[in-house]
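S.K.: Input work.cif, format and content: mmCIF, C-alpha atoms.
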```cif
data_query
#
loop_
_atom_site.label_atom_id
_atom_site.label_comp_id
_atom_site.auth_asym_id
_atom_site.auth_seq_id
_atom_site.Cartn_x
_atom_site.Cartn_y
_atom_site.Cartn_z
CA MET W 1 -12.50 -1.57 -21.93
CA SER W 2 -13.52 -0.33 -18.50
CA LYS W 3 -11.25 -0.94 -15.52
CA GLY W 4 -11.88 -0.47 -11.85
CA VAL W 5 -11.52 -1.61 -8.28
CA LEU W 6 -14.13 -3.63 -6.39
CA LEU W 7 -14.24 -3.58 -2.58
CA PHE W 8 -16.44 -5.47 -0.13
CA CYS W 9 -17.26 -3.89 3.22
CA PHE W 10 -19.65 -5.01 5.94
CA ASP W 11 -19.50 -3.82 9.53
CA THR W 12 -19.82 -6.43 12.23
CA GLU W 13 -20.73 -6.15 15.88
CA HIS W 14 -17.04 -6.12 16.82
CA THR W 15 -15.28 -4.37 13.95
CA ARG W 16 -16.13 -1.10 12.24
CA TYR W 17 -14.94 -2.11 8.83
CA HIS W 18 -16.26 1.10 7.29
CA ARG W 19 -13.42 2.96 9.00
CA ILE W 20 -10.91 0.66 7.33
CA LEU W 21 -12.72 1.16 4.03
CA GLU W 22 -12.47 4.95 4.28
CA ARG W 23 -8.68 4.70 4.58
CA CYS W 24 -8.42 2.12 1.83
CA VAL W 25 -10.56 4.13 -0.62
CA ARG W 26 -8.40 7.23 -0.15
CA LEU W 27 -5.31 5.23 -1.06
CA VAL W 28 -7.00 3.49 -3.99
CA GLN W 29 -8.13 6.85 -5.39
CA LYS W 30 -4.64 8.25 -5.01
CA ASN W 31 -2.61 5.28 -6.26
CA ILE W 32 -4.67 2.86 -8.34
CA SER W 33 -7.88 4.07 -9.92
CA LYS W 34 -10.70 6.57 -9.57
CA ASN W 35 -13.16 3.87 -10.67
CA ILE W 36 -14.22 2.26 -7.42
CA THR W 37 -17.28 0.19 -6.60
CA VAL W 38 -18.06 -0.71 -3.00
CA ILE W 39 -20.27 -3.68 -2.21
CA THR W 40 -21.93 -3.09 1.13
CA ASP W 41 -25.21 -3.11 3.03
CA PHE W 42 -27.37 -0.14 4.06
CA LYS W 43 -26.36 -0.34 7.71
CA THR W 44 -22.65 -0.07 6.92
CA TYR W 45 -23.27 2.56 4.25
CA SER W 46 -25.09 4.76 6.74
CA MET W 47 -21.93 4.86 8.90
CA MET W 48 -19.55 5.88 6.12
CA SER W 49 -18.16 9.37 5.70
CA PRO W 50 -18.40 10.90 2.20
CA MET W 51 -15.56 9.54 0.07
CA GLY W 52 -16.02 11.33 -3.21
CA HIS W 53 -17.35 9.85 -6.40
CA ILE W 54 -17.57 6.10 -5.94
CA ASN W 55 -20.25 3.57 -6.85
CA TYR W 56 -22.15 1.56 -4.29
CA ARG W 57 -23.99 -1.70 -4.75
CA PHE W 58 -26.06 -3.04 -1.92
CA ILE W 59 -26.45 -6.67 -0.98
CA GLU W 60 -27.44 -8.50 2.17
CA PRO W 61 -24.28 -10.25 3.33
CA GLU W 62 -24.48 -13.95 4.01
CA LEU W 63 -24.00 -14.57 7.73
CA GLY W 64 -22.74 -17.50 9.72
CA ASN W 65 -18.98 -17.52 9.15
CA LYS W 66 -16.73 -16.89 12.14
CA LYS W 67 -13.04 -16.24 12.74
CA ASN W 68 -11.54 -16.55 16.23
CA GLY W 69 -15.09 -16.72 17.56
CA LEU W 70 -16.09 -13.40 16.02
CA GLU W 71 -18.47 -12.82 13.15
CA TRP W 72 -16.69 -12.67 9.78
CA ARG W 73 -18.63 -11.47 6.77
CA ASN W 74 -16.39 -12.66 4.00
CA VAL W 75 -18.37 -15.21 2.03
CA ASP W 76 -19.72 -12.99 -0.74
CA ARG W 77 -16.53 -12.71 -2.75
CA HIS W 78 -17.81 -15.31 -5.23
CA MET W 79 -20.32 -12.68 -6.43
CA ALA W 80 -17.58 -10.33 -7.61
CA TYR W 81 -18.01 -11.39 -11.22
CA GLU W 82 -21.71 -10.46 -11.30
CA LEU W 83 -21.36 -7.37 -9.13
CA SER W 84 -18.44 -5.76 -10.95
CA PRO W 85 -19.45 -3.13 -13.53
CA TYR W 86 -15.97 -3.26 -15.12
CA ASP W 87 -14.48 -5.36 -17.91
CA THR W 88 -11.24 -5.72 -15.96
CA THR W 89 -11.60 -5.72 -12.19
CA LEU W 90 -9.17 -5.56 -9.32
CA VAL W 91 -10.81 -7.06 -6.24
CA MET W 92 -9.12 -6.16 -2.97
CA ASP W 93 -9.67 -6.78 0.70
CA ILE W 94 -10.18 -3.42 2.34
CA ASP W 95 -7.44 -4.22 4.85
CA TYR W 96 -4.97 -4.28 1.97
CA LEU W 97 -3.68 -0.72 1.97
CA PRO W 98 -2.16 0.35 -1.36
CA PHE W 99 0.48 2.89 -0.36
CA SER W 100 2.03 2.46 -3.82
CA ASP W 101 0.68 2.17 -7.36
CA ASP W 102 2.05 -1.37 -7.71
CA LEU W 103 -1.40 -2.90 -8.22
CA ALA W 104 -2.41 -0.43 -10.94
CA LYS W 105 -0.31 -2.20 -13.55
CA PHE W 106 -2.37 -5.37 -13.19
CA LEU W 107 -5.37 -3.53 -14.61
CA ASP W 108 -3.35 -3.07 -17.82
CA THR W 109 -3.04 -6.80 -18.47
CA ARG W 110 -5.10 -9.21 -20.53
CA TYR W 111 -5.01 -12.26 -18.28
CA ASP W 112 -8.34 -13.87 -17.50
CA PHE W 113 -7.69 -14.38 -13.81
CA LEU W 114 -4.73 -13.55 -11.60
CA VAL W 115 -4.19 -14.15 -7.91
CA SER W 116 -1.10 -14.25 -5.71
CA LYS W 117 0.13 -17.49 -4.16
CA GLU W 118 2.51 -15.89 -1.69
CA ALA W 119 2.46 -13.45 1.17
CA TYR W 120 5.53 -11.66 2.45
CA ASP W 121 5.91 -11.23 6.21
CA LEU W 122 6.96 -7.63 6.89
CA THR W 123 8.25 -8.56 10.35
CA GLY W 124 10.98 -10.74 8.88
CA ARG W 125 9.75 -13.96 10.48
CA ASP W 126 8.52 -15.67 7.30
CA SER W 127 5.46 -16.70 9.29
CA PHE W 128 3.45 -17.42 6.15
CA ASP W 129 5.94 -19.93 4.77
CA LEU W 130 6.56 -22.31 7.63
CA ARG W 131 4.23 -25.14 6.72
CA ARG W 132 1.29 -26.09 4.64
CA TYR W 133 -2.09 -26.56 6.20
CA SER W 134 -3.66 -28.48 3.33
CA MET W 135 -2.90 -30.71 0.37
CA ILE W 136 -3.39 -27.79 -1.95
CA ASP W 137 -1.36 -24.62 -2.43
CA MET W 138 -3.32 -21.81 -0.87
CA VAL W 139 -3.77 -18.61 -2.81
CA TRP W 140 -4.20 -15.19 -1.23
CA ALA W 141 -7.61 -14.01 -2.43
CA THR W 142 -6.75 -10.70 -0.75
CA VAL W 143 -5.99 -9.30 -4.19
CA LEU W 144 -7.29 -10.77 -7.42
CA VAL W 145 -7.66 -9.49 -10.95
CA PHE W 146 -10.07 -10.82 -13.52
CA ARG W 147 -11.20 -9.94 -17.01
CA LYS W 148 -14.81 -10.74 -17.82
CA GLY W 149 -15.11 -13.70 -20.14
CA PRO W 150 -15.86 -17.43 -20.10
CA LYS W 151 -12.65 -18.41 -18.32
CA ALA W 152 -13.07 -16.00 -15.41
CA LYS W 153 -16.76 -16.88 -15.17
CA ARG W 154 -15.87 -20.56 -14.95
CA VAL W 155 -13.60 -19.84 -11.99
CA PHE W 156 -16.31 -17.90 -10.15
CA ASP W 157 -18.94 -20.53 -10.96
CA CYS W 158 -16.58 -23.13 -9.58
CA VAL W 159 -16.12 -21.09 -6.38
CA LYS W 160 -19.90 -21.00 -5.96
CA TYR W 161 -20.05 -24.78 -6.33
CA ILE W 162 -17.19 -25.28 -3.86
CA LYS W 163 -18.86 -22.95 -1.39
CA SER W 164 -22.05 -25.03 -1.58
CA TYR W 165 -20.16 -28.21 -0.66
CA TYR W 166 -17.37 -26.62 1.34
CA SER W 167 -17.22 -29.19 4.11
CA TYR W 168 -16.73 -31.91 1.52
CA PHE W 169 -13.86 -30.02 -0.12
CA LEU W 170 -12.29 -29.38 3.31
CA GLU W 171 -12.04 -33.14 3.77
CA LEU W 172 -11.00 -33.82 0.20
CA TYR W 173 -8.07 -31.43 0.38
CA ARG W 174 -7.42 -32.01 4.11
CA ILE W 175 -7.68 -28.32 4.89
CA ARG W 176 -7.04 -27.54 8.55
CA ASP W 177 -9.02 -24.29 8.78
CA ARG W 178 -12.64 -25.20 9.38
CA GLN W 179 -14.26 -21.87 8.64
CA PHE W 180 -14.95 -20.76 5.07
CA ARG W 181 -11.93 -19.05 3.55
CA ASN W 182 -11.94 -17.45 0.14
CA ASP W 183 -8.26 -18.29 -0.12
CA TYR W 184 -8.99 -21.99 -0.20
CA ALA W 185 -12.21 -21.70 -2.21
CA PHE W 186 -10.37 -19.87 -4.99
CA ALA W 187 -7.35 -22.19 -4.75
CA ILE W 188 -9.59 -25.22 -5.25
CA ALA W 189 -11.58 -23.54 -8.01
CA LEU W 190 -8.43 -22.56 -9.89
CA GLU W 191 -7.07 -26.09 -9.61
CA GLN W 192 -10.28 -27.63 -10.84
CA ALA W 193 -11.04 -25.12 -13.57
CA ASN W 194 -7.49 -25.35 -14.91
CA GLY W 195 -7.22 -29.10 -15.13
CA PHE W 196 -5.21 -29.58 -11.92
CA ILE W 197 -1.99 -28.45 -13.60
CA SER W 198 -1.18 -24.77 -13.22
CA TYR W 199 -2.66 -21.34 -13.59
CA ASP W 200 -1.52 -17.77 -14.07
CA THR W 201 -0.58 -15.94 -10.90
CA LEU W 202 0.40 -12.45 -9.82
CA PRO W 203 4.21 -12.37 -9.78
CA VAL W 204 4.36 -10.57 -6.45
CA ARG W 205 4.24 -11.54 -2.80
CA LEU W 206 1.64 -9.60 -0.86
CA PRO W 207 3.36 -7.61 1.93
CA THR W 208 1.53 -8.65 5.09
CA LEU W 209 1.58 -7.69 8.75
CA PRO W 210 0.80 -10.73 10.93
CA PRO W 211 -2.08 -10.46 13.44
CA ASP W 212 0.26 -10.06 16.44
CA CYS W 213 1.48 -6.70 15.13
CA GLU W 214 -0.20 -3.62 16.49
CA VAL W 215 -0.52 -0.69 14.10
CA VAL W 216 0.59 2.42 15.99
CA ALA W 217 0.50 5.06 13.26
CA MET W 218 -0.63 5.47 9.71
CA ASP W 219 -0.72 8.30 7.21
CA GLU W 220 -1.06 8.72 3.43
CA VAL W 221 2.34 7.23 2.62
CA GLY W 222 3.01 4.50 5.14
CA ILE W 223 2.34 2.60 8.31
CA ALA W 224 4.20 1.93 11.58
CA TRP W 225 3.67 -1.07 13.80
CA ARG W 226 4.79 -2.49 17.11
CA HIS W 227 5.90 -6.06 17.53
CA ASN W 228 7.67 -7.37 20.65
CA ASP W 229 8.19 -3.82 21.91
CA GLN W 230 9.95 -2.87 18.69
CA ILE W 231 8.64 -0.33 16.24
CA ASN W 232 9.15 -0.64 12.51
CA HIS W 233 7.60 1.06 9.53
CA THR W 234 7.29 1.06 5.77
CA LYS W 235 6.79 3.90 3.34
CA ASN W 236 5.29 3.77 -0.16
CA GLN W 237 4.87 -0.01 0.16
CA ASP W 238 1.52 -1.81 0.13
CA VAL W 239 0.54 -3.51 3.39
CA HIS W 240 -2.06 -6.16 4.16
CA VAL W 241 -2.96 -5.66 7.82
CA LEU W 242 -4.31 -8.78 9.53
CA ASN W 243 -4.93 -7.15 12.92
CA LYS W 244 -8.30 -5.44 12.43
CA ASP W 245 -7.88 -3.29 15.55
CA PHE W 246 -6.18 -0.74 13.31
CA ALA W 247 -9.66 0.51 12.43
CA ASN W 248 -9.34 2.53 15.61
CA VAL W 249 -5.85 3.99 14.97
CA MET T 250 30.83 -5.89 28.09
CA ASP T 251 27.83 -3.66 28.64
CA ILE T 252 24.96 -6.07 28.03
CA ARG T 253 22.38 -3.29 27.93
CA GLU T 254 24.29 -1.49 25.19
CA LEU T 255 24.78 -4.75 23.31
CA LYS T 256 21.04 -5.46 23.40
CA LYS T 257 20.31 -1.95 22.20
CA GLN T 258 22.70 -2.37 19.27
CA SER T 259 21.33 -5.81 18.52
CA ASP T 260 17.77 -4.47 18.43
CA LEU T 261 18.86 -1.65 16.16
CA SER T 262 20.63 -4.10 13.84
CA TYR T 263 17.54 -6.30 13.75
CA ASP T 264 15.28 -3.35 12.87
CA THR T 265 17.70 -2.28 10.16
CA ALA T 266 17.91 -5.80 8.73
CA VAL T 267 14.10 -6.11 8.59
CA ALA T 268 13.72 -2.67 7.03
CA LYS T 269 16.39 -3.48 4.43
CA ARG T 270 14.69 -6.76 3.61
CA ASN T 271 11.34 -4.99 3.22
CA ALA T 272 12.89 -2.35 0.98
CA LEU T 273 14.38 -5.05 -1.25
CA GLU T 274 11.01 -6.80 -1.44
CA LYS T 275 9.45 -3.49 -2.42
CA ALA T 276 12.05 -3.10 -5.19
CA HIS T 277 11.32 -6.62 -6.49
CA SER T 278 7.60 -5.87 -6.53
CA ARG T 279 8.25 -2.58 -8.26
CA GLN T 280 10.20 -4.32 -11.02
CA VAL T 281 7.09 -6.10 -12.27
CA MET T 282 5.66 -4.18 -15.21
CA ALA T 283 2.85 -4.63 -17.71
CA TYR T 284 3.68 -4.54 -21.40
CA GLU T 285 1.33 -5.43 -24.27
CA GLY T 286 -1.13 -6.90 -21.76
CA HIS T 287 1.47 -9.21 -20.18
CA LEU T 288 3.59 -9.02 -17.05
CA PHE T 289 7.37 -8.95 -17.07
CA ARG T 290 10.02 -8.58 -14.43
CA ALA T 291 12.41 -5.75 -15.22
CA ASP T 292 15.39 -7.55 -13.72
CA ALA T 293 18.92 -8.02 -15.00
CA GLU T 294 18.10 -11.34 -16.67
CA THR T 295 15.20 -9.94 -18.72
CA ILE T 296 17.16 -6.85 -19.70
CA CYS T 297 20.16 -8.90 -20.83
CA LEU T 298 17.94 -11.30 -22.78
CA VAL T 299 16.07 -8.54 -24.57
CA ARG T 300 19.24 -6.66 -25.38
CA THR T 301 20.90 -9.81 -26.75
CA LEU T 302 17.89 -10.75 -28.89
CA LYS T 303 17.54 -7.18 -30.13
CA GLU T 304 21.07 -7.27 -31.54
CA SER T 305 20.17 -9.90 -34.13
CA LEU T 306 16.37 -9.80 -34.48
CA ASP T 307 13.84 -7.09 -35.31
CA THR T 308 11.00 -8.97 -33.62
CA PHE T 309 11.24 -11.89 -31.25
CA CYS T 310 9.35 -13.89 -28.61
CA VAL T 311 9.96 -13.84 -24.89
CA LEU T 312 8.13 -15.46 -21.98
CA ASP T 313 6.10 -13.41 -19.52
CA THR T 314 6.12 -14.09 -15.76
CA ASN T 315 3.55 -16.87 -16.28
CA HIS T 316 5.59 -18.49 -19.08
CA ASN T 317 3.22 -17.34 -21.82
CA PRO T 318 4.95 -16.44 -25.09
CA VAL T 319 4.76 -12.80 -26.16
CA GLU T 320 5.92 -11.37 -29.45
CA ILE T 321 7.91 -8.18 -29.06
CA THR T 322 7.52 -6.05 -32.17
CA ASP T 323 9.22 -2.92 -30.87
CA PRO T 324 12.35 -4.09 -29.01
CA ASP T 325 13.70 -0.57 -28.47
CA ASP T 326 10.53 0.52 -26.72
CA PHE T 327 10.41 -2.64 -24.62
CA LEU T 328 14.07 -2.45 -23.59
CA GLY T 329 13.73 1.23 -22.76
CA LYS T 330 10.80 0.55 -20.47
CA LEU T 331 12.55 -2.38 -18.80
CA ILE T 332 15.64 -0.30 -18.06
CA GLU T 333 13.56 2.62 -16.83
CA ARG T 334 11.60 0.43 -14.43
CA ASN T 335 14.70 -1.43 -13.27
CA GLN T 336 16.58 1.76 -12.45
CA GLU T 337 13.57 3.42 -10.85
CA SER T 338 13.13 0.52 -8.43
CA LEU T 339 16.84 0.22 -7.64
CA ASN T 340 17.30 3.95 -7.14
CA ALA T 341 14.42 3.92 -4.66
CA TYR T 342 16.08 0.97 -2.91
CA LYS T 343 19.40 2.84 -2.84
CA GLN T 344 17.80 5.86 -1.20
CA ILE T 345 16.37 3.70 1.56
CA TYR T 346 19.63 1.79 1.86
CA GLN T 347 21.54 5.01 2.46
CA THR T 348 19.35 5.78 5.46
CA PHE T 349 20.44 2.44 6.97
CA THR T 350 24.12 3.14 6.47
CA ARG T 351 23.71 6.54 8.13
CA LYS T 352 22.18 4.82 11.15
CA GLY T 353 25.15 2.42 11.27
#
```
Show this structure as structure tokens.
M.R.:
Amino acid sequence: MSKGVLLFCFDTEHTRYHRILERCVRLVQKNISKNITVITDFKTYSMMSPMGHINYRFIEPELGNKKNGLEWRNVDRHMAYELSPYDTTLVMDIDYLPFSDDLAKFLDTRYDFLVSKEAYDLTGRDSFDLRRYSMIDMVWATVLVFRKGPKAKRVFDCVKYIKSYYSYFLELYRIRDRQFRNDYAFAIALEQANGFISYDTLPVRLPTLPPDCEVVAMDEVGIAWRHNDQINHTKNQDVHVLNKDFANV
Amino acid sequence: MDIRELKKQSDLSYDTAVAKRNALEKAHSRQVMAYEGHLFRADAETICLVRTLKESLDTFCVLDTNHNPVEITDPDDFLGKLIERNQESLNAYKQIYQTFTRKG
């Protein structure tokens, strides 16, 4: 049974995602797995520094999605099933920085599909819990684990279908965000593919830094951020950074 | 009352409280462990349950974090791993906690 990590990375006009990828890959190699596959395009690949022995697969990213008015190349996640060369795959956003080996254990499980339903606000404001923005529980597709088989394939096929008719599903589930979000696409797919009852989830909350936090320092073991003129930091704890300006730190 | 000093202390207390909360969250996350392809939380409840069942049964079923039943065929091994993970996470939390108490 092969196991590995799948990452998607596409530079945009405004954000040099390859710089975030380089940091993420170092941490994945150190803490999770040496088996890494990066899905990217030639333009982004040409900007990357050498990162050791990792696999690359090239696709042309689908364009058109935007976040806060800026281009957002995030709509290819539904292809993870076909693109992954592994039997058990951990798919991560590259802005999820694994400073610990906490995610590695999920590769040792036999669940068909796992995703987290909760994020943990590292600034202590619980800003991801205040209210719901849809009729459906959102999942955090930031980190997901799947084992190749009919059940996982059904989920990914369902995501493809939902993506094709996304505006319809936005209305059906009264989702406030108008742009395509993997979080909602996977949440809907998991609901539908699992008979609208329940599904297996990752039993962890994803530690997350809200977008109004500025990353001021980062090394191999942790990250420090500024919020409201106060500095705080974590060490040996995973962090999902929502402010993409940290590519330049 | 020196308001400036009070604000400084308040800010420090806030930072400490957030850091302590984050360290506890890290410990909770650390307590999740994979065993026989399933996920379990190495917390006090699981440890007590496994220890109690082990006293009267050679093999038994427990629920994983997603409420799936799992047969435990080697209770000693399972309990040992639960305790190891539990203490590893709490010792790490204790180390961080001690840095807070030093700061006041």
S.K.: Padding 3 Å on every side, please: axis-aligned box over the listed atoms of region 166-183 of chain W, centre and edge lengths to one decimal in Å, as lines of an AutoDock Vina configuration file.
M.R.:
```
center_x = -12.2
center_y = -25.6
center_z = 4.6
size_x = 16.3
size_y = 22.4
size_z = 15.5
```
S.K.: Take the PyMOL selection byres ((chain T) within 10 of (chain W)), apply it to the structure above, and return the hits as number ranges by chain.
M.R.: T: 260-261, 263-268, 270-272, 274-290, 313-317, 345
S.K.: Within 7 Å of Val159 (chain W), counting only C-alpha atoms, which residues qualify if same-chain residues fewer than 3 places away don't, as a count of residues only?
M.R.: 8
S.K.: May I have the residues within 10 Å of Arg19 (chain W) as a list in words, using all atoms listed in the file and disregarding those fewer than 4 positions away in the same chain?
M.R.: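 That gives Cys9, Asp11, Thr15, Arg23, Cys24, Thr44, Met47, Met48, Ser49, Ile94, Phe246, Ala247, Asn248 and Val249 of chain W.
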S.K.: Which value, in Å to one decimal, gives the distance between CA of Leu6 (chain W) and CA of His18 (chain W)?
M.R.: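 About the pair CA of Leu6 (chain W) and CA of His18 (chain W): they are 14.6 Å apart.
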S.K.: Suppose you want the space between CA of Ala152 (chain W) and CA of Val75 (chain W); what is it in Å?
M.R.: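 These atoms are spaced 18.2 Å apart.
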S.K.: For Leu97 (chain W), which residue among W:Val221, W:Leu83, W:Ile54, W:Met135 is the nearest when counting all atoms listed in the file?
M.R.: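 For Leu97 (chain W), the nearest of the given residues is W:Val221.
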S.K.: Quick check, in Å to one decimal: how far apart do CA of Phe99 (chain W) and CA of Met218 (chain W) lie?
M.R.: 10.5 Å
S.K.: Name the residues that the PyMOL selection byres ((chain W and resi 133) around 7) picks from the file above, as a list in words, using the file's chain letters and numbers.
M.R.: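 Listing what the PyMOL selection byres ((chain W and resi 133) around 7) selects in the shown file: Arg131, Arg132, Ser134, Ile175 and Arg176 of chain W.
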S.K.: For the file shown, what are the residues hit by the PyMOL selection byres ((chain T and resi 331) around 12), laid out as a ChimeraX atom specification?
M.R.: /T:279-284,288-300,324-330,332-338
S.K.: Those residues with C-alpha atoms, as a CSV table (one decimal), in the coordinates of the input please?
M.R.:
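In the end it all went to out-v6.csv:
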```
chain,number,residue,atom,x,y,z
T,279,ARG,CA,8.2,-2.6,-8.3
T,280,GLN,CA,10.2,-4.3,-11.0
T,281,VAL,CA,7.1,-6.1,-12.3
T,282,MET,CA,5.7,-4.2,-15.2
T,283,ALA,CA,2.8,-4.6,-17.7
T,284,TYR,CA,3.7,-4.5,-21.4
T,288,LEU,CA,3.6,-9.0,-17.0
T,289,PHE,CA,7.4,-9.0,-17.1
T,290,ARG,CA,10.0,-8.6,-14.4
T,291,ALA,CA,12.4,-5.8,-15.2
T,292,ASP,CA,15.4,-7.6,-13.7
T,293,ALA,CA,18.9,-8.0,-15.0
T,294,GLU,CA,18.1,-11.3,-16.7
T,295,THR,CA,15.2,-9.9,-18.7
T,296,ILE,CA,17.2,-6.8,-19.7
T,297,CYS,CA,20.2,-8.9,-20.8
T,298,LEU,CA,17.9,-11.3,-22.8
T,299,VAL,CA,16.1,-8.5,-24.6
T,300,ARG,CA,19.2,-6.7,-25.4
T,324,PRO,CA,12.4,-4.1,-29.0
T,325,ASP,CA,13.7,-0.6,-28.5
T,326,ASP,CA,10.5,0.5,-26.7
T,327,PHE,CA,10.4,-2.6,-24.6
T,328,LEU,CA,14.1,-2.4,-23.6
T,329,GLY,CA,13.7,1.2,-22.8
T,330,LYS,CA,10.8,0.6,-20.5
T,332,ILE,CA,15.6,-0.3,-18.1
T,333,GLU,CA,13.6,2.6,-16.8
T,334,ARG,CA,11.6,0.4,-14.4
T,335,ASN,CA,14.7,-1.4,-13.3
T,336,GLN,CA,16.6,1.8,-12.4
T,337,GLU,CA,13.6,3.4,-10.8
T,338,SER,CA,13.1,0.5,-8.4
```
S.K.: Tell me which of W:Ala119, W:Val5, W:Leu27, W:Val139 sits closest to Met92 (chain W), counting only C-alpha atoms.
M.R.: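 Comparing W:Ala119, W:Val5, W:Leu27, W:Val139 against Met92 (chain W), the winner is W:Val5.
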S.K.: Quick one: region 281-303 of chain T with N, CA and C atoms, as a CSV table (one decimal), in the coordinates of the input?
M.R.:
```csv
chain,number,residue,atom,x,y,z
T,281,VAL,N,8.1,-5.5,-11.4
T,281,VAL,CA,7.1,-6.1,-12.3
T,281,VAL,C,6.4,-5.0,-13.1
T,282,MET,N,6.3,-5.2,-14.4
T,282,MET,CA,5.7,-4.2,-15.2
T,282,MET,C,4.8,-4.8,-16.3
T,283,ALA,N,3.8,-4.1,-16.7
T,283,ALA,CA,2.8,-4.6,-17.7
T,283,ALA,C,3.3,-4.1,-19.0
T,284,TYR,N,3.3,-5.0,-20.0
T,284,TYR,CA,3.7,-4.5,-21.4
T,284,TYR,C,2.9,-5.4,-22.4
T,285,GLU,N,2.2,-4.7,-23.3
T,285,GLU,CA,1.3,-5.4,-24.3
T,285,GLU,C,0.4,-6.4,-23.6
T,286,GLY,N,-0.1,-6.1,-22.4
T,286,GLY,CA,-1.1,-6.9,-21.8
T,286,GLY,C,-0.5,-8.0,-21.0
T,287,HIS,N,0.8,-8.1,-20.9
T,287,HIS,CA,1.5,-9.2,-20.2
T,287,HIS,C,2.3,-8.6,-19.1
T,288,LEU,N,2.7,-9.5,-18.2
T,288,LEU,CA,3.6,-9.0,-17.0
T,288,LEU,C,5.0,-9.5,-17.2
T,289,PHE,N,5.9,-8.6,-17.0
T,289,PHE,CA,7.4,-9.0,-17.1
T,289,PHE,C,8.1,-8.4,-15.8
T,290,ARG,N,9.2,-9.1,-15.5
T,290,ARG,CA,10.0,-8.6,-14.4
T,290,ARG,C,11.2,-7.8,-15.0
T,291,ALA,N,11.3,-6.6,-14.7
T,291,ALA,CA,12.4,-5.8,-15.2
T,291,ALA,C,13.7,-6.0,-14.4
T,292,ASP,N,14.2,-7.2,-14.4
T,292,ASP,CA,15.4,-7.6,-13.7
T,292,ASP,C,16.5,-7.7,-14.7
T,293,ALA,N,17.7,-8.0,-14.2
T,293,ALA,CA,18.9,-8.0,-15.0
T,293,ALA,C,18.8,-9.1,-16.1
T,294,GLU,N,18.2,-10.2,-15.7
T,294,GLU,CA,18.1,-11.3,-16.7
T,294,GLU,C,17.2,-10.9,-17.9
T,295,THR,N,16.1,-10.3,-17.6
T,295,THR,CA,15.2,-9.9,-18.7
T,295,THR,C,15.9,-8.9,-19.6
T,296,ILE,N,16.5,-7.9,-18.9
T,296,ILE,CA,17.2,-6.8,-19.7
T,296,ILE,C,18.3,-7.4,-20.6
T,297,CYS,N,19.1,-8.3,-20.0
T,297,CYS,CA,20.2,-8.9,-20.8
T,297,CYS,C,19.6,-9.7,-22.0
T,298,LEU,N,18.5,-10.5,-21.7
T,298,LEU,CA,17.9,-11.3,-22.8
T,298,LEU,C,17.4,-10.4,-23.9
T,299,VAL,N,16.7,-9.4,-23.5
T,299,VAL,CA,16.1,-8.5,-24.6
T,299,VAL,C,17.2,-7.8,-25.4
T,300,ARG,N,18.1,-7.4,-24.7
T,300,ARG,CA,19.2,-6.7,-25.4
T,300,ARG,C,20.0,-7.6,-26.3
T,301,THR,N,20.2,-8.8,-25.9
T,301,THR,CA,20.9,-9.8,-26.8
T,301,THR,C,20.1,-10.2,-28.0
T,302,LEU,N,18.8,-10.4,-27.8
T,302,LEU,CA,17.9,-10.8,-28.9
T,302,LEU,C,17.8,-9.6,-29.9
T,303,LYS,N,17.7,-8.4,-29.3
T,303,LYS,CA,17.5,-7.2,-30.1
T,303,LYS,C,18.7,-7.0,-31.1
```
